[in-house]
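Trainee: My structure is stored as structure-v2.cif, with mmCIF, C-alpha atoms.
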data_start
loop_
_atom_site.label_atom_id
_atom_site.label_comp_id
_atom_site.auth_asym_id
_atom_site.auth_seq_id
_atom_site.Cartn_x
_atom_site.Cartn_y
_atom_site.Cartn_z
CA MET A 89 24.02 13.08 -10.92
CA SER A 90 24.76 15.61 -8.16
CA THR A 91 24.58 14.65 -4.49
CA PRO A 92 21.67 16.10 -2.49
CA GLU A 93 24.03 18.30 -0.45
CA ALA A 94 25.59 20.05 -3.46
CA GLY A 95 24.25 23.51 -4.31
CA GLY A 96 21.52 25.50 -2.59
CA ASP A 97 17.85 24.78 -2.12
CA LEU A 98 17.07 26.59 -5.36
CA ALA A 99 19.52 24.35 -7.23
CA ARG A 100 17.75 21.25 -5.83
CA PHE A 101 14.47 22.68 -7.03
CA ARG A 102 15.81 23.33 -10.55
CA ALA A 103 17.50 19.92 -10.78
CA GLY A 104 14.15 18.23 -10.08
CA VAL A 105 12.47 20.16 -12.87
CA TRP A 106 14.96 19.65 -15.71
CA SER A 107 18.38 18.01 -15.35
CA GLU A 108 17.07 15.24 -13.06
CA ASN A 109 13.48 15.25 -14.33
CA PRO A 110 11.95 12.13 -12.77
CA VAL A 111 10.05 10.99 -15.87
CA LEU A 112 12.05 12.13 -18.89
CA VAL A 113 15.57 11.61 -17.52
CA GLN A 114 15.39 9.16 -14.61
CA LEU A 115 12.53 7.13 -16.12
CA LEU A 116 10.74 6.67 -12.80
CA GLY A 117 7.02 6.56 -12.20
CA MET A 118 6.21 5.20 -15.65
CA CYS A 119 2.81 3.67 -14.83
CA PRO A 120 0.88 6.87 -14.00
CA THR A 121 2.81 8.70 -16.73
CA LEU A 122 1.44 6.36 -19.38
CA ALA A 123 -1.97 5.72 -17.90
CA VAL A 124 -3.39 9.13 -17.07
CA THR A 125 -2.00 11.26 -19.90
CA ASN A 126 -4.85 10.72 -22.38
CA SER A 127 -6.02 14.27 -21.61
CA LEU A 128 -4.35 17.38 -20.20
CA GLU A 129 -6.86 17.70 -17.36
CA ASN A 130 -6.17 14.19 -16.01
CA ALA A 131 -2.43 14.79 -16.32
CA LEU A 132 -2.58 18.06 -14.33
CA VAL A 133 -4.72 16.59 -11.52
CA MET A 134 -2.47 13.54 -11.25
CA GLY A 135 0.62 15.77 -11.18
CA ALA A 136 -0.88 17.94 -8.44
CA ALA A 137 -1.84 14.94 -6.29
CA ALA A 138 1.61 13.35 -6.63
CA SER A 139 3.33 16.70 -5.89
CA PHE A 140 1.28 17.11 -2.72
CA VAL A 141 2.28 13.61 -1.57
CA VAL A 142 5.98 14.00 -2.39
CA VAL A 143 6.27 17.36 -0.61
CA CYS A 144 4.46 16.13 2.52
CA SER A 145 6.30 12.80 2.72
CA ASN A 146 9.67 14.49 2.13
CA LEU A 147 8.93 16.92 4.98
CA VAL A 148 7.82 14.20 7.42
CA ILE A 149 10.71 11.87 6.60
CA SER A 150 13.19 14.72 6.87
CA LEU A 151 11.81 15.58 10.33
CA LEU A 152 11.95 11.92 11.41
CA ARG A 153 15.36 11.22 9.86
CA SER A 154 17.34 10.90 13.10
CA TRP A 155 14.90 8.29 14.47
CA ILE A 156 14.59 6.08 11.37
CA ARG A 157 16.57 2.82 11.62
CA PRO A 158 18.17 1.77 8.29
CA HIS A 159 16.53 -1.67 8.04
CA LEU A 160 13.07 -0.27 8.77
CA ARG A 161 13.28 2.73 6.46
CA ILE A 162 11.36 1.28 3.50
CA LEU A 163 8.51 0.34 5.82
CA VAL A 164 8.45 3.86 7.32
CA PHE A 165 8.54 5.39 3.81
CA THR A 166 5.70 3.26 2.50
CA LEU A 167 3.47 3.82 5.52
CA THR A 168 4.11 7.59 5.51
CA ILE A 169 3.37 7.79 1.79
CA ALA A 170 0.28 5.59 2.12
CA SER A 171 -1.14 7.90 4.80
CA PHE A 172 -0.71 11.01 2.64
CA VAL A 173 -2.11 9.21 -0.42
CA THR A 174 -5.22 8.27 1.57
CA LEU A 175 -5.57 11.97 2.44
CA ALA A 176 -5.09 13.09 -1.19
CA ASP A 177 -7.56 10.46 -2.40
CA ARG A 178 -10.25 11.66 0.02
CA ILE A 179 -9.66 15.34 -0.92
CA LEU A 180 -9.93 14.53 -4.66
CA GLN A 181 -13.15 12.58 -4.13
CA ALA A 182 -14.61 15.52 -2.21
CA CYS A 183 -13.56 18.32 -4.59
CA LEU A 184 -13.08 16.81 -8.07
CA TRP A 185 -15.39 13.78 -8.19
CA ASP A 186 -15.43 13.42 -12.02
CA VAL A 187 -11.67 13.46 -12.45
CA SER A 188 -11.13 11.18 -9.45
CA GLN A 189 -13.49 8.64 -11.08
CA LYS A 190 -11.51 8.84 -14.34
CA LEU A 191 -8.18 8.36 -12.58
CA GLY A 192 -9.67 5.37 -10.73
CA ALA A 193 -7.08 3.09 -9.17
CA PHE A 194 -4.20 5.36 -10.19
CA VAL A 195 -4.66 7.74 -7.24
CA PRO A 196 -4.12 4.99 -4.61
CA LEU A 197 -1.32 3.68 -6.84
CA ILE A 198 0.71 6.82 -6.00
CA ILE A 199 1.72 4.74 -2.93
CA VAL A 200 3.97 2.58 -5.11
CA ASN A 201 5.20 5.45 -7.29
CA CYS A 202 8.96 4.93 -7.35
CA ILE A 203 9.64 8.69 -7.68
CA ILE A 204 8.37 9.37 -4.17
CA ILE A 205 10.23 6.46 -2.58
CA ALA A 206 13.39 7.47 -4.46
CA ARG A 207 13.18 11.07 -3.20
CA ALA A 208 12.70 9.86 0.38
CA GLU A 209 15.74 7.59 0.07
CA VAL A 210 18.04 9.93 -1.89
CA CYS A 211 17.18 13.31 -0.41
CA ALA A 212 14.78 13.50 2.54
CA LEU A 213 16.62 10.91 4.65
CA ARG A 214 19.79 13.04 4.75
CA SER A 215 18.63 16.66 4.37
CA ARG A 216 17.15 19.32 6.58
CA PRO A 217 13.40 19.97 6.20
CA LEU A 218 13.69 23.11 4.03
CA ARG A 219 15.90 21.37 1.45
CA ALA A 220 13.64 18.30 1.47
CA VAL A 221 10.61 20.48 0.74
CA ALA A 222 12.46 22.36 -2.05
CA ASP A 223 13.45 18.99 -3.54
CA GLY A 224 9.87 17.71 -3.28
CA LEU A 225 8.51 20.86 -4.97
CA GLY A 226 11.05 20.58 -7.80
CA VAL A 227 10.43 16.89 -8.45
CA GLY A 228 6.68 17.40 -8.17
CA LEU A 229 6.79 20.25 -10.69
CA GLY A 230 9.05 18.24 -13.03
CA PHE A 231 6.66 15.28 -12.86
CA THR A 232 3.65 17.55 -13.50
CA LEU A 233 5.35 19.26 -16.47
CA ALA A 234 6.30 15.93 -18.09
CA LEU A 235 2.76 14.62 -17.61
CA ALA A 236 1.27 17.86 -18.97
CA LEU A 237 3.51 17.69 -22.06
CA LEU A 238 2.45 14.12 -22.84
CA GLY A 239 -1.18 14.87 -21.99
CA ALA A 240 -1.26 17.91 -24.29
CA VAL A 241 0.33 16.04 -27.24
CA ARG A 242 -2.00 13.08 -26.88
CA GLU A 243 -5.14 15.17 -26.37
CA VAL A 244 -4.47 17.47 -29.35
CA LEU A 245 -3.60 14.62 -31.73
CA GLY A 246 -6.09 12.11 -30.37
CA SER A 247 -9.24 14.17 -29.82
CA ARG A 248 -8.36 17.58 -31.36
CA THR A 249 -9.09 19.36 -28.06
CA LEU A 250 -7.05 20.94 -25.28
CA LEU A 251 -8.54 20.89 -21.76
CA GLY A 252 -11.80 19.93 -23.50
CA ILE A 253 -11.81 23.02 -25.77
CA PRO A 254 -11.55 22.34 -29.54
CA VAL A 255 -8.22 23.44 -31.00
CA PRO A 256 -8.78 26.03 -33.76
CA GLY A 257 -7.35 25.15 -37.15
CA ALA A 258 -7.02 21.44 -36.40
CA GLY A 259 -8.64 20.14 -39.56
CA PHE A 260 -7.02 16.70 -39.50
CA GLU A 261 -8.73 13.43 -38.76
CA PRO A 262 -8.21 12.63 -35.01
CA TRP A 263 -5.57 9.95 -34.43
CA ILE A 264 -7.65 7.58 -32.32
CA VAL A 265 -4.54 5.55 -31.53
CA MET A 266 -3.11 8.44 -29.49
CA VAL A 267 -5.76 8.16 -26.77
CA LEU A 268 -5.48 4.35 -26.75
CA PRO A 269 -2.80 2.52 -24.72
CA ALA A 270 -0.50 2.08 -27.72
CA GLY A 271 -0.35 5.86 -28.25
CA ALA A 272 0.95 6.34 -24.71
CA PHE A 273 3.97 4.10 -25.34
CA LEU A 274 4.68 5.61 -28.75
CA THR A 275 4.42 9.24 -27.51
CA LEU A 276 6.62 8.65 -24.47
CA GLY A 277 9.23 6.82 -26.57
CA ALA A 278 9.34 9.68 -29.08
CA VAL A 279 9.46 12.40 -26.37
CA ILE A 280 12.33 10.61 -24.56
CA GLY A 281 14.18 10.40 -27.87
CA VAL A 282 13.76 14.17 -28.42
CA VAL A 283 14.83 15.00 -24.83
CA ASN A 284 17.94 12.78 -25.17
CA HIS A 285 18.77 14.52 -28.42
CA LEU A 286 18.48 17.98 -26.76
CA ARG A 287 20.49 16.89 -23.72
CA GLY A 288 23.19 15.43 -25.95
CA ARG A 289 23.64 18.81 -27.63
CA ALA A 290 23.65 20.84 -24.39
CA PRO A 291 27.06 21.94 -22.99
CA LYS A 292 28.56 19.32 -20.70
CA GLY A 293 28.18 21.45 -17.56
CA ALA A 294 24.43 21.67 -18.00
CA ILE A 295 23.97 17.93 -17.56
CA GLY A 296 23.48 17.02 -13.90
CA MET B 198 -22.01 -16.78 -11.35
CA THR B 199 -21.30 -19.27 -14.10
CA LEU B 200 -18.27 -20.82 -15.69
CA GLU B 201 -18.70 -18.44 -18.64
CA THR B 202 -18.17 -15.36 -16.40
CA LEU B 203 -14.96 -16.88 -15.08
CA ILE B 204 -13.69 -17.71 -18.59
CA ALA B 205 -14.60 -14.19 -19.73
CA ILE B 206 -12.68 -12.68 -16.81
CA PHE B 207 -9.72 -14.97 -17.51
CA ILE B 208 -9.38 -14.16 -21.23
CA GLY B 209 -10.34 -10.52 -20.73
CA THR B 210 -7.62 -10.02 -18.14
CA ALA B 211 -4.81 -12.09 -19.61
CA LEU B 212 -5.14 -10.96 -23.23
CA VAL B 213 -7.62 -8.15 -23.98
CA ASN B 214 -6.99 -5.91 -20.97
CA ASN B 215 -3.42 -7.07 -20.45
CA LEU B 216 -2.07 -5.58 -17.21
CA VAL B 217 1.05 -4.15 -18.84
CA LEU B 218 0.00 -3.28 -22.37
CA ALA B 219 -3.54 -2.01 -21.80
CA MET B 220 -3.76 -1.01 -18.11
CA PHE B 221 -0.17 0.31 -17.71
CA LEU B 222 0.48 -1.61 -14.51
CA GLY B 223 3.94 -2.93 -13.77
CA ILE B 224 5.80 -0.89 -16.39
CA CYS B 225 8.97 -0.55 -14.27
CA PRO B 226 9.90 -4.27 -14.21
CA PHE B 227 8.58 -4.56 -17.78
CA LEU B 228 11.24 -2.06 -18.90
CA GLY B 229 13.87 -2.95 -16.30
CA VAL B 230 14.01 -6.75 -16.30
CA SER B 231 13.17 -7.48 -19.93
CA ARG B 232 16.76 -7.54 -21.19
CA ARG B 233 17.26 -11.32 -20.89
CA LEU B 234 14.71 -14.02 -21.62
CA ASP B 235 15.42 -16.29 -18.62
CA MET B 236 15.25 -13.41 -16.14
CA ALA B 237 12.07 -12.07 -17.68
CA PHE B 238 10.44 -15.49 -17.40
CA GLY B 239 11.56 -15.87 -13.77
CA MET B 240 10.22 -12.41 -12.98
CA GLY B 241 6.92 -13.28 -14.64
CA CYS B 242 6.58 -16.42 -12.50
CA ALA B 243 7.46 -14.57 -9.27
CA VAL B 244 4.94 -11.82 -10.00
CA THR B 245 2.21 -14.35 -10.92
CA PHE B 246 2.77 -16.10 -7.59
CA VAL B 247 2.74 -12.91 -5.51
CA ILE B 248 -0.24 -11.44 -7.39
CA THR B 249 -2.42 -14.54 -6.92
CA LEU B 250 -1.66 -14.86 -3.21
CA SER B 251 -2.02 -11.17 -2.39
CA GLY B 252 -5.19 -10.87 -4.48
CA MET B 253 -6.76 -13.62 -2.37
CA LEU B 254 -5.43 -12.35 0.96
CA THR B 255 -6.52 -8.76 0.42
CA TRP B 256 -10.00 -9.98 -0.61
CA ILE B 257 -10.21 -11.97 2.62
CA ILE B 258 -9.00 -8.96 4.64
CA THR B 259 -11.49 -6.56 3.05
CA HIS B 260 -14.51 -8.83 3.29
CA GLY B 261 -13.61 -11.01 6.28
CA ILE B 262 -11.96 -8.57 8.66
CA LEU B 263 -12.49 -4.90 7.77
CA GLY B 264 -16.20 -5.29 6.91
CA PRO B 265 -17.41 -7.21 10.01
CA LEU B 266 -15.05 -5.35 12.36
CA GLY B 267 -16.21 -1.99 11.01
CA GLY B 268 -19.82 -3.16 11.42
CA ALA B 269 -19.18 -4.21 15.00
CA LEU B 270 -17.50 -0.92 15.87
CA ALA B 271 -19.94 1.11 13.73
CA VAL B 272 -17.01 2.84 11.94
CA ASP B 273 -16.13 2.79 8.26
CA LEU B 274 -12.67 1.22 8.31
CA SER B 275 -12.13 1.41 4.55
CA PHE B 276 -9.52 4.15 5.01
CA LEU B 277 -7.20 1.44 6.42
CA LYS B 278 -7.38 -0.53 3.16
CA TYR B 279 -4.35 0.97 1.43
CA LEU B 280 -2.12 0.52 4.48
CA LEU B 281 -3.19 -3.12 4.93
CA PHE B 282 -2.84 -3.94 1.22
CA ILE B 283 0.72 -2.70 1.04
CA ALA B 284 1.62 -4.57 4.24
CA VAL B 285 0.26 -7.86 2.80
CA ILE B 286 2.16 -7.40 -0.47
CA ALA B 287 5.41 -6.57 1.32
CA SER B 288 5.19 -9.77 3.39
CA MET B 289 4.35 -11.91 0.30
CA VAL B 290 7.40 -10.53 -1.51
CA GLN B 291 9.55 -11.31 1.52
CA LEU B 292 8.29 -14.91 1.32
CA VAL B 293 9.14 -15.21 -2.38
CA GLU B 294 12.58 -13.70 -1.82
CA MET B 295 13.40 -16.24 0.90
CA TYR B 296 12.15 -19.09 -1.31
CA VAL B 297 14.14 -17.99 -4.39
CA LYS B 298 17.27 -17.39 -2.33
CA ARG B 299 17.04 -20.87 -0.82
CA PHE B 300 16.24 -22.86 -3.99
CA PHE B 301 17.48 -20.75 -6.94
CA PRO B 302 20.54 -18.83 -5.66
CA ALA B 303 21.75 -18.02 -9.20
CA LEU B 304 18.43 -16.43 -10.15
CA HIS B 305 18.42 -14.56 -6.84
CA SER B 306 21.73 -12.84 -7.53
CA ALA B 307 20.72 -12.11 -11.15
CA PHE B 308 17.56 -10.29 -10.02
CA GLY B 309 19.44 -8.09 -7.57
CA VAL B 310 17.40 -5.13 -6.46
CA PHE B 311 14.43 -5.97 -8.69
CA LEU B 312 13.17 -8.80 -6.48
CA PRO B 313 12.45 -6.70 -3.35
CA LEU B 314 11.16 -4.02 -5.73
CA ILE B 315 8.22 -6.30 -6.62
CA THR B 316 6.71 -4.72 -3.48
CA THR B 317 6.44 -1.45 -5.34
CA ASN B 318 5.24 -3.16 -8.52
CA CYS B 319 2.01 -1.38 -9.28
CA ALA B 320 0.67 -4.48 -11.06
CA ILE B 321 0.19 -6.16 -7.70
CA LEU B 322 -1.29 -3.29 -5.71
CA GLY B 323 -3.30 -2.36 -8.82
CA THR B 324 -4.80 -5.85 -9.05
CA CYS B 325 -5.78 -5.78 -5.37
CA LEU B 326 -7.36 -2.33 -5.80
CA LEU B 327 -9.25 -3.33 -8.95
CA ILE B 328 -10.64 -6.45 -7.25
CA ASP B 329 -11.91 -4.18 -4.51
CA LEU B 330 -13.20 -1.51 -6.92
CA ARG B 331 -15.10 -3.97 -9.13
CA GLY B 332 -16.59 -5.88 -6.18
CA TYR B 333 -15.52 -9.35 -7.35
CA SER B 334 -16.48 -12.50 -5.45
CA LEU B 335 -13.71 -14.72 -4.03
CA LEU B 336 -13.65 -17.06 -7.04
CA GLU B 337 -13.70 -14.16 -9.50
CA ALA B 338 -10.90 -12.47 -7.55
CA LEU B 339 -8.81 -15.67 -7.79
CA THR B 340 -9.37 -15.90 -11.56
CA PHE B 341 -8.71 -12.21 -12.07
CA SER B 342 -5.45 -12.10 -10.13
CA PHE B 343 -4.10 -15.35 -11.63
CA ALA B 344 -4.95 -14.24 -15.19
CA GLY B 345 -3.42 -10.83 -14.49
CA GLY B 346 -0.18 -12.47 -13.40
CA LEU B 347 -0.14 -14.74 -16.47
CA GLY B 348 -0.76 -11.72 -18.73
CA PHE B 349 2.18 -9.92 -17.12
CA ALA B 350 4.42 -12.97 -17.58
CA LEU B 351 3.34 -13.26 -21.23
CA ALA B 352 3.99 -9.58 -22.00
CA ILE B 353 7.41 -9.45 -20.30
CA THR B 354 8.54 -12.70 -21.95
CA ILE B 355 7.56 -11.50 -25.44
CA MET B 356 9.28 -8.17 -24.77
CA ALA B 357 12.50 -9.89 -23.65
CA GLY B 358 12.45 -12.05 -26.79
CA ILE B 359 12.19 -8.94 -28.99
CA ARG B 360 14.85 -7.05 -27.05
CA GLU B 361 17.35 -9.92 -27.35
CA HIS B 362 17.07 -9.48 -31.14
CA LEU B 363 17.22 -5.67 -30.87
CA THR B 364 20.78 -5.79 -29.52
CA LEU B 365 21.93 -6.63 -33.05
CA CYS B 366 20.08 -3.69 -34.64
CA ASP B 367 21.41 -0.24 -35.52
CA VAL B 368 19.24 2.11 -33.45
CA PRO B 369 19.58 5.94 -33.74
CA GLU B 370 21.67 7.34 -30.88
CA PRO B 371 18.98 9.30 -28.92
CA LEU B 372 16.56 6.37 -29.05
CA ARG B 373 18.98 3.78 -27.61
CA GLY B 374 17.76 2.15 -24.40
CA PRO B 375 14.39 3.31 -23.09
CA GLY B 376 13.30 5.15 -26.24
CA ILE B 377 13.29 2.16 -28.57
CA THR B 378 11.93 -0.11 -25.82
CA LEU B 379 8.91 2.13 -25.41
CA LEU B 380 8.34 2.30 -29.17
CA VAL B 381 8.47 -1.52 -29.37
CA ALA B 382 6.05 -1.70 -26.43
CA GLY B 383 3.71 0.62 -28.35
CA ILE B 384 3.70 -1.67 -31.36
CA LEU B 385 3.18 -4.68 -29.07
CA ALA B 386 0.21 -2.86 -27.49
CA LEU B 387 -1.22 -2.29 -30.99
CA ALA B 388 -0.91 -6.02 -31.66
CA PHE B 389 -2.65 -6.87 -28.40
CA MET B 390 -5.55 -4.56 -29.37
CA GLY B 391 -6.43 -7.23 -31.91
CA PHE B 392 -7.54 -9.51 -29.05
CA ALA B 393 -10.40 -7.11 -28.37
CA GLY B 394 -12.23 -8.82 -31.24
CA MET B 395 -12.45 -11.96 -29.06
CA MET B 396 -14.79 -10.24 -26.59
CA ARG B 397 -18.26 -9.54 -27.82
#
Kindly transcribe the structure held in the file into structure tokens.

Mentor:
Amino acid sequence: MSTPEAGGDLARFRAGVWSENPVLVQLLGMCPTLAVTNSLENALVMGAAASFVVVCSNLVISLLRSWIRPHLRILVFTLTIASFVTLADRILQACLWDVSQKLGAFVPLIIVNCIIIARAEVCALRSRPLRAVADGLGVGLGFTLALALLGAVREVLGSRTLLGIPVPGAGFEPWIVMVLPAGAFLTLGAVIGVVNHLRGRAPKGAIG
Amino acid sequence: MTLETLIAIFIGTALVNNLVLAMFLGICPFLGVSRRLDMAFGMGCAVTFVITLSGMLTWIITHGILGPLGGALAVDLSFLKYLLFIAVIASMVQLVEMYVKRFFPALHSAFGVFLPLITTNCAILGTCLLIDLRGYSLLEALTFSFAGGLGFALAITIMAGIREHLTLCDVPEPLRGPGITLLVAGILALAFMGFAGMMR
């Protein structure tokens, strides 16, 4: 894994999306990944909310980094993140009431999402604001893409729709298990297996 | 409120809507600490303790402090909930860590970073949020949080038992580690779906 100072801001952004993808490679933030991916719409909204929080908290922590004392840092991180999550929660309730009801407790649970705390600790605490924002955008996009992939697979197989629109040519019986909790574990396990297989075949330099 | 409601909440939370296998709360320790049976059991006990205490305390804070204070000031203080919840949980975890360090030093060093990480265990914050969302009474909140903790302990202990046997199996290369663990968890979740027949 590369240090946060290696490479440019663009490289940080790309690392967050693929070689250090928070869900598929680092296996962080598992709870929302499994819980909200029963449809593509939920997955996209969750990804957007978490991206908003990680970008904002990275920026604030990067700006505060010279004042943060080491033993108080986790407290500062959690309180910063909790403030932005409260904001995101209120915005979702105002603009997307239906989806925010479906996501339920998982929007406030972004507070304890380990991806965001890990980015604050690994990157924002020792980088300048621009790099911290680039890192937040990359990780946010990587998280959203992983969620969207799982959401799409589970929605197509489980309810034969994509974003609520019936998939043409899907004549098979819907696999009910895919939208149930067990399907989440099985899909994620299989996807991680495939990603590991692809990464194992990639040239050595491509692995972060 | 009758005894039947409490029993229904207890069984419903511990088995049917198991925190880990049906609600996806607390997956990180479930995957991270389930390699050895004794550690998994210790983790389950610690989480049960923290969950029960913080469930109670956050209920008291929401209904005993935020409600009346907001009424007195004529402001809706519910936006402070998340901040207060996480502060309560962090202090409970600190308490458990001091206790374990004092009385079970071996367990303390085996847990390593996972003990303070209980703070960011979504099972605990999730339980507090669900109590608030569903508008439980104090007694219901106590039953719900205790049963949730027991359900977590049960799931993580079963998982550790299976994984101790898995070390002897020949698993395909890309699936080693998290891949096979998640597949096993999926099958375990399927098995737990059978408990749904208990609730009519």

Trainee: Decode the PyMOL selection byres ((chain B) within 7 of (chain A)) for the given file into explicit residues and return them as a list in words.

Mentor: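 On the file shown, the PyMOL selection byres ((chain B) within 7 of (chain A)) covers Leu218, Ala219, Met220, Phe221, Leu222, Gly223, Ile224, Cys225, Phe276, Tyr279, Leu280, Thr317, Asn318, Cys319, Gly323, Leu326, Leu327, Pro371, Leu372, Gly376, Ile377, Leu379, Leu380, Ala382, Gly383, Ile384, Ala386 and Leu387 of chain B.
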
Trainee: Spell out the residues picked by the PyMOL selection byres ((chain A and resi 234) around 10) here, as a PyMOL selection string.

Mentor: chain A and resi 105-106+109-112+121+125+131-132+135+229-233+235-240+276+279

Trainee: Taking the file as shown, what set of residues would the PyMOL selection byres ((chain A and resi 217-224) around 10) give back, as JSON, numbers by chain?

Mentor: {"A": [92, 93, 96, 97, 98, 99, 100, 101, 102, 103, 104, 105, 138, 139, 140, 141, 142, 143, 144, 145, 146, 147, 148, 149, 150, 151, 152, 153, 204, 207, 208, 211, 212, 213, 214, 215, 216, 225, 226, 227, 228, 229, 230]}

Trainee: Kindly export the residues of the current selection with C-alpha atoms, as an mmCIF file, keeping the file's coordinate frame.

Mentor:
data_model
loop_
_atom_site.group_PDB
_atom_site.id
_atom_site.type_symbol
_atom_site.label_atom_id
_atom_site.label_comp_id
_atom_site.auth_asym_id
_atom_site.auth_seq_id
_atom_site.Cartn_x
_atom_site.Cartn_y
_atom_site.Cartn_z
ATOM 1 C CA PRO A 92 21.670 16.100 -2.490
ATOM 2 C CA GLU A 93 24.030 18.300 -0.450
ATOM 3 C CA GLY A 96 21.520 25.500 -2.590
ATOM 4 C CA ASP A 97 17.850 24.780 -2.120
ATOM 5 C CA LEU A 98 17.070 26.590 -5.360
ATOM 6 C CA ALA A 99 19.520 24.350 -7.230
ATOM 7 C CA ARG A 100 17.750 21.250 -5.830
ATOM 8 C CA PHE A 101 14.470 22.680 -7.030
ATOM 9 C CA ARG A 102 15.810 23.330 -10.550
ATOM 10 C CA ALA A 103 17.500 19.920 -10.780
ATOM 11 C CA GLY A 104 14.150 18.230 -10.080
ATOM 12 C CA VAL A 105 12.470 20.160 -12.870
ATOM 13 C CA ALA A 138 1.610 13.350 -6.630
ATOM 14 C CA SER A 139 3.330 16.700 -5.890
ATOM 15 C CA PHE A 140 1.280 17.110 -2.720
ATOM 16 C CA VAL A 141 2.280 13.610 -1.570
ATOM 17 C CA VAL A 142 5.980 14.000 -2.390
ATOM 18 C CA VAL A 143 6.270 17.360 -0.610
ATOM 19 C CA CYS A 144 4.460 16.130 2.520
ATOM 20 C CA SER A 145 6.300 12.800 2.720
ATOM 21 C CA ASN A 146 9.670 14.490 2.130
ATOM 22 C CA LEU A 147 8.930 16.920 4.980
ATOM 23 C CA VAL A 148 7.820 14.200 7.420
ATOM 24 C CA ILE A 149 10.710 11.870 6.600
ATOM 25 C CA SER A 150 13.190 14.720 6.870
ATOM 26 C CA LEU A 151 11.810 15.580 10.330
ATOM 27 C CA LEU A 152 11.950 11.920 11.410
ATOM 28 C CA ARG A 153 15.360 11.220 9.860
ATOM 29 C CA ILE A 204 8.370 9.370 -4.170
ATOM 30 C CA ARG A 207 13.180 11.070 -3.200
ATOM 31 C CA ALA A 208 12.700 9.860 0.380
ATOM 32 C CA CYS A 211 17.180 13.310 -0.410
ATOM 33 C CA ALA A 212 14.780 13.500 2.540
ATOM 34 C CA LEU A 213 16.620 10.910 4.650
ATOM 35 C CA ARG A 214 19.790 13.040 4.750
ATOM 36 C CA SER A 215 18.630 16.660 4.370
ATOM 37 C CA ARG A 216 17.150 19.320 6.580
ATOM 38 C CA LEU A 225 8.510 20.860 -4.970
ATOM 39 C CA GLY A 226 11.050 20.580 -7.800
ATOM 40 C CA VAL A 227 10.430 16.890 -8.450
ATOM 41 C CA GLY A 228 6.680 17.400 -8.170
ATOM 42 C CA LEU A 229 6.790 20.250 -10.690
ATOM 43 C CA GLY A 230 9.050 18.240 -13.030
#

Trainee: Between B:Val290, B:Val244, B:Leu200, B:Val297, which has the minimum distance to Phe349 of chain B (counting all atoms listed in the file)?

Mentor: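 The answer is B:Val244, which sits nearest to Phe349 of chain B.
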
Trainee: Figure out the distance between atom CA of Met266 of chain A and atom CA of Gly209 of chain B, please, to one decimal in Å.

Mentor: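 Rounded to one decimal, the two atoms are 22.1 Å apart.
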
Trainee: May I ask which of the residues B:Ala307, B:Ile262, B:Ala271, B:Leu347 is the closest one to Ala320 of chain B, counting all atoms listed in the file?

Mentor: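 The closest residue to Ala320 of chain B is B:Leu347.
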